[in-house]
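One file, upload.pdb, carrying PDB, C-alpha atoms:
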```pdb
MODEL        1
ATOM      1  CA  MET A  15     -37.680  45.702  96.755
ATOM      2  CA  SER A  16     -34.160  44.608  97.669
ATOM      3  CA  LEU A  17     -31.026  46.229  96.350
ATOM      4  CA  ASN A  18     -28.114  44.365  94.800
ATOM      5  CA  ILE A  19     -25.074  46.312  95.885
ATOM      6  CA  LEU A  20     -21.345  46.461  95.295
ATOM      7  CA  VAL A  21     -19.108  47.670  98.133
ATOM      8  CA  VAL A  22     -15.603  48.714  97.076
ATOM      9  CA  ASP A  23     -12.965  49.403  99.732
ATOM     10  CA  ASP A  24      -9.442  48.104 100.251
ATOM     11  CA  SER A  25     -10.292  47.397 103.911
ATOM     12  CA  ALA A  26     -12.279  44.202 104.496
ATOM     13  CA  VAL A  27     -13.258  45.557 107.915
ATOM     14  CA  MET A  28     -14.673  48.725 106.383
ATOM     15  CA  ARG A  29     -16.597  46.729 103.770
ATOM     16  CA  SER A  30     -18.151  44.706 106.606
ATOM     17  CA  MET A  31     -18.957  47.898 108.480
ATOM     18  CA  VAL A  32     -20.658  49.422 105.429
ATOM     19  CA  ILE A  33     -22.776  46.321 104.878
ATOM     20  CA  LYS A  34     -23.738  46.085 108.562
ATOM     21  CA  THR A  35     -24.599  49.766 108.640
ATOM     22  CA  LEU A  36     -26.838  49.389 105.592
ATOM     23  CA  ARG A  37     -28.694  46.534 107.254
ATOM     24  CA  ALA A  38     -28.886  48.433 110.560
ATOM     25  CA  GLY A  39     -30.396  51.319 108.630
ATOM     26  CA  GLY A  40     -33.164  49.088 107.361
ATOM     27  CA  VAL A  41     -31.976  48.913 103.765
ATOM     28  CA  GLU A  42     -33.228  45.680 102.225
ATOM     29  CA  LEU A  43     -30.263  44.037 100.554
ATOM     30  CA  GLY A  44     -30.303  41.398  97.822
ATOM     31  CA  LYS A  45     -26.957  40.212  96.496
ATOM     32  CA  VAL A  46     -23.992  41.870  98.201
ATOM     33  CA  HIS A  47     -20.795  41.975  96.161
ATOM     34  CA  GLN A  48     -17.444  43.171  97.437
ATOM     35  CA  ALA A  49     -14.231  44.377  95.815
ATOM     36  CA  ALA A  50     -10.919  45.612  97.188
ATOM     37  CA  ASN A  51     -10.178  48.219  94.525
ATOM     38  CA  GLY A  52     -11.708  49.933  91.534
ATOM     39  CA  ARG A  53     -10.376  47.417  89.020
ATOM     40  CA  GLU A  54     -11.944  44.510  90.886
ATOM     41  CA  GLY A  55     -15.117  46.540  91.234
ATOM     42  CA  LEU A  56     -15.392  47.019  87.472
ATOM     43  CA  ASP A  57     -14.860  43.278  87.014
ATOM     44  CA  VAL A  58     -17.809  42.633  89.345
ATOM     45  CA  LEU A  59     -19.991  45.084  87.405
ATOM     46  CA  GLU A  60     -19.180  43.277  84.168
ATOM     47  CA  GLN A  61     -20.282  39.945  85.617
ATOM     48  CA  HIS A  62     -23.228  40.776  87.888
ATOM     49  CA  TRP A  63     -26.326  42.951  87.916
ATOM     50  CA  VAL A  64     -25.795  45.700  90.507
ATOM     51  CA  ASP A  65     -28.302  48.361  91.547
ATOM     52  CA  MET A  66     -25.932  50.574  93.506
ATOM     53  CA  VAL A  67     -22.216  51.016  94.144
ATOM     54  CA  LEU A  68     -20.674  52.214  97.407
ATOM     55  CA  VAL A  69     -17.027  53.060  96.880
ATOM     56  CA  ASP A  70     -14.067  54.430  98.815
ATOM     57  CA  ILE A  71     -11.687  56.907  97.226
ATOM     58  CA  ASN A  72      -8.178  56.040  98.341
ATOM     59  CA  MET A  73      -7.444  52.501  97.158
ATOM     60  CA  PRO A  74      -4.488  50.858  95.446
ATOM     61  CA  VAL A  75      -4.527  49.647  91.815
ATOM     62  CA  MET A  76      -7.492  51.856  90.855
ATOM     63  CA  ASN A  77      -8.943  54.475  93.194
ATOM     64  CA  GLY A  78     -12.593  55.323  93.583
ATOM     65  CA  GLN A  79     -12.523  58.421  91.416
ATOM     66  CA  GLN A  80     -10.927  56.508  88.559
ATOM     67  CA  MET A  81     -13.542  53.769  88.957
ATOM     68  CA  LEU A  82     -16.339  56.360  88.889
ATOM     69  CA  GLU A  83     -14.920  57.848  85.681
ATOM     70  CA  GLN A  84     -14.974  54.389  84.076
ATOM     71  CA  ILE A  85     -18.537  53.795  85.268
ATOM     72  CA  ARG A  86     -19.789  57.076  83.811
ATOM     73  CA  ALA A  87     -17.964  56.425  80.541
ATOM     74  CA  ASN A  88     -19.858  53.152  79.995
ATOM     75  CA  PRO A  89     -23.358  53.564  78.485
ATOM     76  CA  ILE A  90     -24.544  50.513  80.428
ATOM     77  CA  TRP A  91     -23.570  52.010  83.801
ATOM     78  CA  GLU A  92     -23.691  55.743  83.155
ATOM     79  CA  ASN A  93     -26.759  56.199  85.364
ATOM     80  CA  MET A  94     -25.642  53.766  88.075
ATOM     81  CA  PRO A  95     -26.328  55.200  91.549
ATOM     82  CA  VAL A  96     -22.947  55.663  93.227
ATOM     83  CA  ILE A  97     -22.271  56.679  96.809
ATOM     84  CA  VAL A  98     -18.710  57.598  97.699
ATOM     85  CA  VAL A  99     -17.954  56.518 101.273
ATOM     86  CA  SER A 100     -14.689  58.139 102.207
ATOM     87  CA  THR A 101     -12.619  60.156 104.624
ATOM     88  CA  GLU A 102     -12.045  62.624 101.801
ATOM     89  CA  GLY A 103     -11.925  66.106 103.272
ATOM     90  CA  SER A 104     -11.223  68.158 100.186
ATOM     91  CA  GLN A 105     -14.335  70.068  99.141
ATOM     92  CA  THR A 106     -12.673  70.475  95.753
ATOM     93  CA  ARG A 107     -12.608  66.726  95.217
ATOM     94  CA  ILE A 108     -16.083  66.216  96.715
ATOM     95  CA  ASP A 109     -17.494  68.806  94.305
ATOM     96  CA  GLU A 110     -15.806  66.986  91.425
ATOM     97  CA  LEU A 111     -17.308  63.645  92.484
ATOM     98  CA  GLU A 112     -20.760  65.172  92.790
ATOM     99  CA  ARG A 113     -20.407  66.702  89.314
ATOM    100  CA  MET A 114     -19.902  63.104  88.119
ATOM    101  CA  GLY A 115     -23.257  62.233  89.629
ATOM    102  CA  ALA A 116     -22.076  60.574  92.842
ATOM    103  CA  ARG A 117     -23.339  61.293  96.300
ATOM    104  CA  PHE A 118     -20.876  61.589  99.169
ATOM    105  CA  ILE A 119     -20.900  60.209 102.711
ATOM    106  CA  HIS A 120     -18.072  60.985 105.094
ATOM    107  CA  LYS A 121     -16.606  58.234 107.272
ATOM    108  CA  PRO A 122     -17.691  57.432 109.908
ATOM    109  CA  PHE A 123     -21.395  57.553 109.067
ATOM    110  CA  THR A 124     -24.664  56.572 110.729
ATOM    111  CA  PRO A 125     -27.247  54.043 109.528
ATOM    112  CA  GLU A 126     -29.870  56.774 109.361
ATOM    113  CA  LEU A 127     -27.799  58.945 107.050
ATOM    114  CA  VAL A 128     -27.052  56.188 104.567
ATOM    115  CA  ARG A 129     -30.660  54.938 104.614
ATOM    116  CA  GLU A 130     -31.986  58.400 103.819
ATOM    117  CA  MET A 131     -29.478  58.868 101.038
ATOM    118  CA  ILE A 132     -30.280  55.521  99.421
ATOM    119  CA  GLN A 133     -33.999  56.178  99.678
ATOM    120  CA  ASN A 134     -33.562  59.570  98.000
ATOM    121  CA  MET A 135     -31.408  58.103  95.246
ATOM    122  CA  THR A 136     -33.383  54.967  94.444
ATOM    123  CA  GLY A 137     -36.845  55.425  95.906
ATOM    124  CA  VAL A 138     -36.402  52.055  97.613
ATOM    125  CA  GLY A 139     -38.086  51.929 101.017
ATOM    126  CA  HIS A 140     -37.199  50.219 104.226
ATOM    127  CA  ALA A 141     -36.940  46.536 104.937
ATOM    128  CA  GLN A 142     -40.088  45.094 106.565
TER     129      GLN A 142
ATOM    130  CA  MET B  18       2.997  72.829 126.591
ATOM    131  CA  HIS B  19       0.759  71.701 123.729
ATOM    132  CA  SER B  20       0.737  73.604 120.473
ATOM    133  CA  GLU B  21      -2.316  74.430 118.398
ATOM    134  CA  HIS B  22      -1.379  71.559 116.071
ATOM    135  CA  ASP B  23      -1.063  69.128 118.992
ATOM    136  CA  GLU B  24      -4.580  70.045 120.096
ATOM    137  CA  MET B  25      -5.846  69.678 116.543
ATOM    138  CA  LEU B  26      -4.398  66.178 116.273
ATOM    139  CA  ARG B  27      -5.683  65.174 119.701
ATOM    140  CA  GLU B  28      -9.242  66.355 118.982
ATOM    141  CA  VAL B  29      -9.420  64.577 115.626
ATOM    142  CA  ALA B  30      -7.999  61.360 117.085
ATOM    143  CA  GLU B  31     -10.363  61.435 120.078
ATOM    144  CA  GLY B  32     -13.373  62.081 117.867
ATOM    145  CA  THR B  33     -12.513  59.308 115.420
ATOM    146  CA  LEU B  34     -11.778  56.781 118.175
ATOM    147  CA  GLU B  35     -15.145  57.536 119.723
ATOM    148  CA  GLU B  36     -17.264  57.648 116.556
ATOM    149  CA  LEU B  37     -15.622  54.840 114.559
ATOM    150  CA  ALA B  38     -14.217  52.475 117.178
ATOM    151  CA  PHE B  39     -16.492  53.416 120.125
ATOM    152  CA  VAL B  40     -13.426  53.880 122.315
ATOM    153  CA  LEU B  41     -13.411  56.693 124.810
ATOM    154  CA  ALA B  42     -10.155  58.643 124.799
ATOM    155  CA  VAL B  43      -8.925  61.422 127.059
ATOM    156  CA  PRO B  44      -5.655  63.349 126.997
ATOM    157  CA  ASP B  45      -2.750  61.692 128.731
ATOM    158  CA  GLU B  46      -0.803  64.366 130.531
ATOM    159  CA  ASP B  47       1.856  61.952 131.729
ATOM    160  CA  ALA B  48       2.905  60.853 128.269
ATOM    161  CA  CYS B  49       5.619  58.287 128.068
ATOM    162  CA  GLN B  50       5.895  56.109 125.050
ATOM    163  CA  PRO B  51       4.732  52.631 126.034
ATOM    164  CA  PRO B  52       5.489  49.437 124.163
ATOM    165  CA  GLY B  53       2.799  49.123 121.533
ATOM    166  CA  VAL B  54       1.695  48.201 118.044
ATOM    167  CA  THR B  55       2.378  50.846 115.428
ATOM    168  CA  ALA B  56       0.933  51.714 112.042
ATOM    169  CA  GLY B  57       1.767  54.502 109.630
ATOM    170  CA  ILE B  58       0.096  56.152 106.669
ATOM    171  CA  ARG B  59       1.545  58.523 104.056
ATOM    172  CA  PHE B  60      -0.154  61.194 102.022
ATOM    173  CA  ARG B  61       0.779  63.255  98.980
ATOM    174  CA  GLY B  62      -0.552  66.572  97.809
ATOM    175  CA  PRO B  63       0.344  70.278  98.126
ATOM    176  CA  PHE B  64       2.723  68.907 100.722
ATOM    177  CA  ASP B  65       3.582  65.334 101.611
ATOM    178  CA  GLY B  66       3.653  63.786 105.029
ATOM    179  CA  ALA B  67       2.702  60.914 107.257
ATOM    180  CA  LEU B  68       0.731  60.057 110.358
ATOM    181  CA  PHE B  69       1.697  57.342 112.811
ATOM    182  CA  ILE B  70      -0.192  55.779 115.679
ATOM    183  CA  THR B  71       0.910  53.350 118.343
ATOM    184  CA  VAL B  72      -1.505  51.694 120.753
ATOM    185  CA  SER B  73      -1.294  49.225 123.593
ATOM    186  CA  PRO B  74      -1.446  45.704 122.066
ATOM    187  CA  GLN B  75      -4.573  44.787 124.039
ATOM    188  CA  MET B  76      -6.466  47.564 122.233
ATOM    189  CA  LEU B  77      -6.260  45.898 118.824
ATOM    190  CA  PRO B  78      -8.935  43.228 119.402
ATOM    191  CA  VAL B  79     -11.108  45.781 121.191
ATOM    192  CA  VAL B  80     -10.962  48.244 118.294
ATOM    193  CA  ALA B  81     -11.654  45.530 115.722
ATOM    194  CA  ALA B  82     -14.564  44.058 117.695
ATOM    195  CA  ASN B  83     -16.128  47.462 118.228
ATOM    196  CA  MET B  84     -15.819  48.410 114.573
ATOM    197  CA  LEU B  85     -17.308  45.111 113.445
ATOM    198  CA  GLY B  86     -19.975  45.019 116.112
ATOM    199  CA  VAL B  87     -18.976  41.606 117.468
ATOM    200  CA  THR B  88     -19.021  40.679 121.136
ATOM    201  CA  ASP B  89     -16.359  37.955 121.135
ATOM    202  CA  ASN B  90     -13.141  39.663 120.100
ATOM    203  CA  GLY B  91     -11.184  36.500 120.745
ATOM    204  CA  GLN B  92     -12.380  35.125 117.440
ATOM    205  CA  LEU B  93     -10.953  37.926 115.360
ATOM    206  CA  SER B  94      -7.818  37.033 113.455
ATOM    207  CA  THR B  95      -4.622  39.069 113.683
ATOM    208  CA  GLU B  96      -5.145  40.045 110.060
ATOM    209  CA  CYS B  97      -8.609  41.365 110.876
ATOM    210  CA  GLN B  98      -7.326  43.275 113.913
ATOM    211  CA  HIS B  99      -4.566  44.866 111.843
ATOM    212  CA  ASP B 100      -7.055  45.739 109.080
ATOM    213  CA  ALA B 101      -9.294  47.516 111.595
ATOM    214  CA  PHE B 102      -6.335  49.325 113.166
ATOM    215  CA  LYS B 103      -5.095  50.522 109.783
ATOM    216  CA  GLU B 104      -8.581  51.683 108.818
ATOM    217  CA  LEU B 105      -8.803  53.625 112.084
ATOM    218  CA  LEU B 106      -5.551  55.369 111.168
ATOM    219  CA  ASN B 107      -6.852  56.002 107.643
ATOM    220  CA  VAL B 108      -9.957  57.727 108.999
ATOM    221  CA  ILE B 109      -7.970  59.805 111.520
ATOM    222  CA  CYS B 110      -5.637  60.947 108.732
ATOM    223  CA  GLY B 111      -8.503  61.726 106.381
ATOM    224  CA  ASN B 112     -10.238  63.771 109.049
ATOM    225  CA  LEU B 113      -7.046  65.547 110.101
ATOM    226  CA  LEU B 114      -5.894  66.832 106.722
ATOM    227  CA  PRO B 115      -8.771  69.269 106.038
ATOM    228  CA  VAL B 116      -8.574  70.545 109.614
ATOM    229  CA  TYR B 117      -4.825  71.106 109.284
ATOM    230  CA  ALA B 118      -4.630  72.287 105.677
ATOM    231  CA  GLY B 119      -8.105  73.535 104.816
ATOM    232  CA  ASP B 120     -10.774  71.843 102.694
ATOM    233  CA  GLY B 121      -9.570  73.349  99.424
ATOM    234  CA  MET B 122      -6.515  71.144  99.125
ATOM    235  CA  VAL B 123      -6.568  67.702  97.553
ATOM    236  CA  PHE B 124      -4.455  64.926  99.038
ATOM    237  CA  ASP B 125      -3.955  61.338  97.960
ATOM    238  CA  VAL B 126      -3.682  59.063 100.966
ATOM    239  CA  ASP B 127      -1.812  55.778 100.630
ATOM    240  CA  SER B 128      -2.883  52.540 102.293
ATOM    241  CA  ALA B 129      -1.735  52.290 105.895
ATOM    242  CA  ASP B 130       1.012  49.855 106.860
ATOM    243  CA  MET B 131       1.793  48.024 110.069
ATOM    244  CA  LEU B 132       5.307  48.872 111.194
ATOM    245  CA  ALA B 133       7.819  46.312 112.372
ATOM    246  CA  GLY B 134       9.092  48.670 115.062
ATOM    247  CA  ARG B 135       7.045  49.065 118.177
ATOM    248  CA  SER B 136       7.410  52.791 118.710
ATOM    249  CA  LEU B 137       6.616  56.025 116.921
ATOM    250  CA  PRO B 138       9.385  57.472 114.738
ATOM    251  CA  GLU B 139      11.022  60.501 116.286
ATOM    252  CA  GLU B 140      11.676  62.106 112.938
ATOM    253  CA  LEU B 141      10.774  61.596 109.298
ATOM    254  CA  ASP B 142      13.044  62.644 106.439
ATOM    255  CA  GLY B 143      15.088  64.542 108.967
ATOM    256  CA  ARG B 144      12.146  66.514 110.347
ATOM    257  CA  PRO B 145      10.549  66.279 113.803
ATOM    258  CA  PRO B 146       6.775  65.818 114.043
ATOM    259  CA  VAL B 147       4.559  68.821 113.432
ATOM    260  CA  ALA B 148       2.162  67.531 116.083
ATOM    261  CA  THR B 149       1.986  64.795 118.681
ATOM    262  CA  ALA B 150      -0.803  63.526 120.920
ATOM    263  CA  SER B 151      -0.993  61.110 123.841
ATOM    264  CA  LEU B 152      -4.297  59.571 124.881
ATOM    265  CA  VAL B 153      -5.559  57.319 127.621
ATOM    266  CA  LEU B 154      -8.085  54.810 126.258
ATOM    267  CA  ASP B 155     -10.604  52.469 127.886
ATOM    268  CA  ALA B 156      -8.094  49.650 128.149
ATOM    269  CA  GLY B 157      -4.753  51.086 127.153
ATOM    270  CA  ARG B 158      -2.992  54.044 125.636
ATOM    271  CA  ALA B 159      -2.398  55.597 122.238
ATOM    272  CA  GLU B 160       0.137  58.007 120.868
ATOM    273  CA  LEU B 161       0.171  59.753 117.516
ATOM    274  CA  ALA B 162       2.769  61.695 115.570
ATOM    275  CA  PHE B 163       2.045  63.826 112.493
ATOM    276  CA  PHE B 164       4.799  64.748 110.079
ATOM    277  CA  THR B 165       4.787  66.997 107.027
ATOM    278  CA  ALA B 166       7.417  67.805 104.459
ATOM    279  CA  ALA B 167       6.003  71.276 103.932
ATOM    280  CA  GLN B 168       8.532  74.039 103.569
ATOM    281  CA  GLN B 169       5.788  76.369 104.744
ATOM    282  CA  SER B 170       3.407  75.719 107.595
ATOM    283  CA  ALA B 171      -0.121  74.708 106.646
ATOM    284  CA  ARG B 172      -1.391  77.998 107.987
ATOM    285  CA  THR B 173       0.833  79.900 105.541
ATOM    286  CA  VAL B 174      -0.284  77.712 102.649
ATOM    287  CA  ARG B 175      -3.958  78.099 103.662
ATOM    288  CA  SER B 176      -3.719  81.872 103.897
ATOM    289  CA  ALA B 177      -2.274  82.001 100.381
ATOM    290  CA  GLN B 178      -5.308  80.200  98.916
ATOM    291  CA  PRO B 179      -8.137  82.228  97.355
ATOM    292  CA  GLN B 180     -10.827  82.760  99.964
ATOM    293  CA  ARG B 181     -14.224  81.128  99.225
TER     294      ARG B 181
ENDMDL
END
```
Written as structure tokens, how would this file's structure read?
Amino acid sequence: MSLNILVVDDSAVMRSMVIKTLRAGGVELGKVHQAANGREGLDVLEQHWVDMVLVDINMPVMNGQQMLEQIRANPIWENMPVIVVSTEGSQTRIDELERMGARFIHKPFTPELVREMIQNMTGVGHAQ
Amino acid sequence: MHSEHDEMLREVAEGTLEELAFVLAVPDEDACQPPGVTAGIRFRGPFDGALFITVSPQMLPVVAANMLGVTDNGQLSTECQHDAFKELLNVICGNLLPVYAGDGMVFDVDSADMLAGRSLPEELDGRPPVATASLVLDAGRAELAFFTAAQQSARTVRSAQPQR
């Protein structure tokens, strides 16, 4: 089963890296949506069916934590699997994100790590 | 002579260059600031500051190609190269802050900017850098300068935090 994903990062290069790493990890992707900040990401969620969100923290306009708060506040998205992909080094902030139901991956990350995390979160297996 | 903070900055920069951009970096003991392309990033938190990096211009397409996994770096636009360079700086900064200040402190990191000048600033808000590093890369050189506006050193701030 393929995953429809949303990748949110203000760096287009990093968004490409995330998507390539997911594919390299054997994650079967359906529709791949991209957004450059949390506000754009919420707009995508309102218009498209998404199975999982991968989001950076430090972004202009609306950061990743603010976007996650909005996601959890919406009954339609409250159980959306969210992976925070960030350089965030504060354990205080990481703990807060995990209390909001997100999983955390530190940049840079390996295909194996993200594959395992997605499999644990969604039960979706590898691409054939 | 290199301070503890210089070594900290050098190790984080070397590790990030290798893991993110697949660029091997070693210390440059004969540091002299070469002409290069410079980017800077600011952060805010228990103390504010900034990190700057300058690299040899020929490194930009190499870094971008390595990060994107493409073999023909000649096809990458200047915008793409700058995006990759700024993201490299973002990751170095993000990895440096918990090493420097401890993982209990929360910082907000701004988006990185390309700088019109071609060299690292020698001071920021009237303060010299807390740490500097000079590296020899596969096909060029890199230099970094880390500034903070802290009235106290990070070590003093860290030691004042409740121990986990």
Return as a Markdown table the residues of chain B lying at most 6 Å from chain A, together with the closest atom-to-atom pair for each and the distance in Å to one decimal, counting only C-alpha atoms, with rows in chain order and ascending residue number.
```
| residue | atom | partner | partner_atom | distance |
| --- | --- | --- | --- | --- |
| B:Leu37 | CA | A:Pro122 | CA | 5.7 |
| B:Leu85 | CA | A:Met31 | CA | 5.9 |
| B:Ala101 | CA | A:Val27 | CA | 5.8 |
| B:Val108 | CA | A:Thr101 | CA | 5.7 |
| B:Gly111 | CA | A:Thr101 | CA | 4.7 |
| B:Pro115 | CA | A:Gly103 | CA | 5.3 |
| B:Asp120 | CA | A:Ser104 | CA | 4.5 |
| B:Gly121 | CA | A:Ser104 | CA | 5.5 |
| B:Met122 | CA | A:Ser104 | CA | 5.7 |
| B:Val123 | CA | A:Ser104 | CA | 5.4 |
```
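The coordinates place CA of Ala38 in chain A at 17.9 Å from CA of Val67 in chain A.
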**Message:** Here's the selection I'm unsure about, the PyMOL selection byres ((chain B and resi 138-153) around 8); applied to the file above, which residues does it give, as a list of chain:residue names?
**Reply:** B:Ser20, B:His22, B:Asp23, B:Glu24, B:Leu26, B:Arg27, B:Glu31, B:Ala42, B:Val43, B:Pro44, B:Asp45, B:Glu46, B:Ala48, B:Phe69, B:Ser136, B:Leu137, B:Leu154, B:Asp155, B:Gly157, B:Arg158, B:Ala159, B:Glu160, B:Leu161, B:Ala162, B:Phe163, B:Phe164, B:Thr165, B:Ala166
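Near (-28.8, 54.4, 106.6), the residues inside the 10 Å limit, counting only C-alpha atoms, come to Val32, Lys34, Thr35, Leu36, Arg37, Ala38, Gly39, Gly40, Val41, Phe123, Thr124, Pro125, Glu126, Leu127, Val128, Arg129, Glu130, Met131, Ile132, Gln133 and His140 of chain A.
When CA of Val72 in chain B is paired with CA of Ser128 in chain B, their separation reads 18.5 Å.
The smallest atom-to-atom distance between Arg59 in chain B and any of B:Lys103, B:Gly32, B:Ala133, B:Ala38, using all atoms listed in the file, is found for B:Lys103.
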**Fill in**
Residue with the minimum atom-to-atom distance to Asp130 in chain B, picked from B:Leu106, B:Val87, B:Val80, B:Val40 with only C-alpha atoms counted, is B:Leu106
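With distances restricted to only C-alpha atoms, A:Asp23 is the closest residue to His47 in chain A from A:Asp109, A:Asp70, A:Asp23, A:Glu83.
The residues returned by the PyMOL selection byres ((chain B and resi 110) around 9) on the shown structure are Thr101 of chain A; Val29, Ala30, Ile58, Arg59, Phe60, Ala67, Leu68, Leu105, Leu106, Asn107, Val108, Ile109, Gly111, Asn112, Leu113, Leu114 and Val126 of chain B.
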**Explicit residue set for the PyMOL selection byres ((chain A and resi 69) around 6), as number ranges by chain** = A: 21-22, 68, 70, 78, 98-99
Next, write the just-selected residues to a file, as a PDB file, in the frame of the given file, keeping C-alpha atoms as the atom set.
```
ATOM      1  CA  VAL A  21     -19.108  47.670  98.133  1.00  0.00           C
ATOM      2  CA  VAL A  22     -15.603  48.714  97.076  1.00  0.00           C
ATOM      3  CA  LEU A  68     -20.674  52.214  97.407  1.00  0.00           C
ATOM      4  CA  ASP A  70     -14.067  54.430  98.815  1.00  0.00           C
ATOM      5  CA  GLY A  78     -12.593  55.323  93.583  1.00  0.00           C
ATOM      6  CA  VAL A  98     -18.710  57.598  97.699  1.00  0.00           C
ATOM      7  CA  VAL A  99     -17.954  56.518 101.273  1.00  0.00           C
TER       8      VAL A  99
END
```
Could I get range 136-154 of chain B rebuilt with N, CA and C atoms, written as a JSON list (two decimals), in the frame of the given file?
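Listed below is the output, part.json:
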```json
[["chain", "number", "residue", "atom", "x", "y", "z"],
["B", 136, "SER", "N", 7.57, 51.45, 118.18],
["B", 136, "SER", "CA", 7.41, 52.79, 118.71],
["B", 136, "SER", "C", 7.25, 53.79, 117.57],
["B", 137, "LEU", "N", 6.79, 54.99, 117.93],
["B", 137, "LEU", "CA", 6.62, 56.02, 116.92],
["B", 137, "LEU", "C", 7.99, 56.52, 116.47],
["B", 138, "PRO", "N", 8.11, 56.86, 115.17],
["B", 138, "PRO", "CA", 9.38, 57.47, 114.74],
["B", 138, "PRO", "C", 9.54, 58.85, 115.36],
["B", 139, "GLU", "N", 10.78, 59.19, 115.68],
["B", 139, "GLU", "CA", 11.02, 60.50, 116.29],
["B", 139, "GLU", "C", 11.23, 61.59, 115.24],
["B", 140, "GLU", "N", 11.57, 61.15, 114.02],
["B", 140, "GLU", "CA", 11.68, 62.11, 112.94],
["B", 140, "GLU", "C", 11.39, 61.38, 111.63],
["B", 141, "LEU", "N", 11.07, 62.14, 110.61],
["B", 141, "LEU", "CA", 10.77, 61.60, 109.30],
["B", 141, "LEU", "C", 11.45, 62.48, 108.27],
["B", 142, "ASP", "N", 12.28, 61.88, 107.44],
["B", 142, "ASP", "CA", 13.04, 62.64, 106.44],
["B", 142, "ASP", "C", 13.79, 63.80, 107.09],
["B", 143, "GLY", "N", 14.29, 63.53, 108.29],
["B", 143, "GLY", "CA", 15.09, 64.54, 108.97],
["B", 143, "GLY", "C", 14.29, 65.62, 109.68],
["B", 144, "ARG", "N", 12.98, 65.49, 109.70],
["B", 144, "ARG", "CA", 12.15, 66.51, 110.35],
["B", 144, "ARG", "C", 11.45, 65.94, 111.58],
["B", 145, "PRO", "N", 11.32, 66.74, 112.64],
["B", 145, "PRO", "CA", 10.55, 66.28, 113.80],
["B", 145, "PRO", "C", 9.07, 66.34, 113.48],
["B", 146, "PRO", "N", 8.21, 65.75, 114.32],
["B", 146, "PRO", "CA", 6.78, 65.82, 114.04],
["B", 146, "PRO", "C", 6.25, 67.24, 114.17],
["B", 147, "VAL", "N", 5.26, 67.54, 113.36],
["B", 147, "VAL", "CA", 4.56, 68.82, 113.43],
["B", 147, "VAL", "C", 3.63, 68.83, 114.64],
["B", 148, "ALA", "N", 3.09, 67.65, 114.96],
["B", 148, "ALA", "CA", 2.16, 67.53, 116.08],
["B", 148, "ALA", "C", 2.27, 66.14, 116.69],
["B", 149, "THR", "N", 2.05, 66.08, 117.99],
["B", 149, "THR", "CA", 1.99, 64.80, 118.68],
["B", 149, "THR", "C", 0.78, 64.82, 119.63],
["B", 150, "ALA", "N", 0.30, 63.63, 119.97],
["B", 150, "ALA", "CA", -0.80, 63.53, 120.92],
["B", 150, "ALA", "C", -0.66, 62.23, 121.70],
["B", 151, "SER", "N", -1.01, 62.29, 122.98],
["B", 151, "SER", "CA", -0.99, 61.11, 123.84],
["B", 151, "SER", "C", -2.36, 60.98, 124.48],
["B", 152, "LEU", "N", -2.94, 59.79, 124.41],
["B", 152, "LEU", "CA", -4.30, 59.57, 124.88],
["B", 152, "LEU", "C", -4.36, 58.38, 125.80],
["B", 153, "VAL", "N", -5.22, 58.48, 126.80],
["B", 153, "VAL", "CA", -5.56, 57.32, 127.62],
["B", 153, "VAL", "C", -6.87, 56.77, 127.08],
["B", 154, "LEU", "N", -6.89, 55.47, 126.80],
["B", 154, "LEU", "CA", -8.09, 54.81, 126.26],
["B", 154, "LEU", "C", -8.74, 53.96, 127.34]]
```
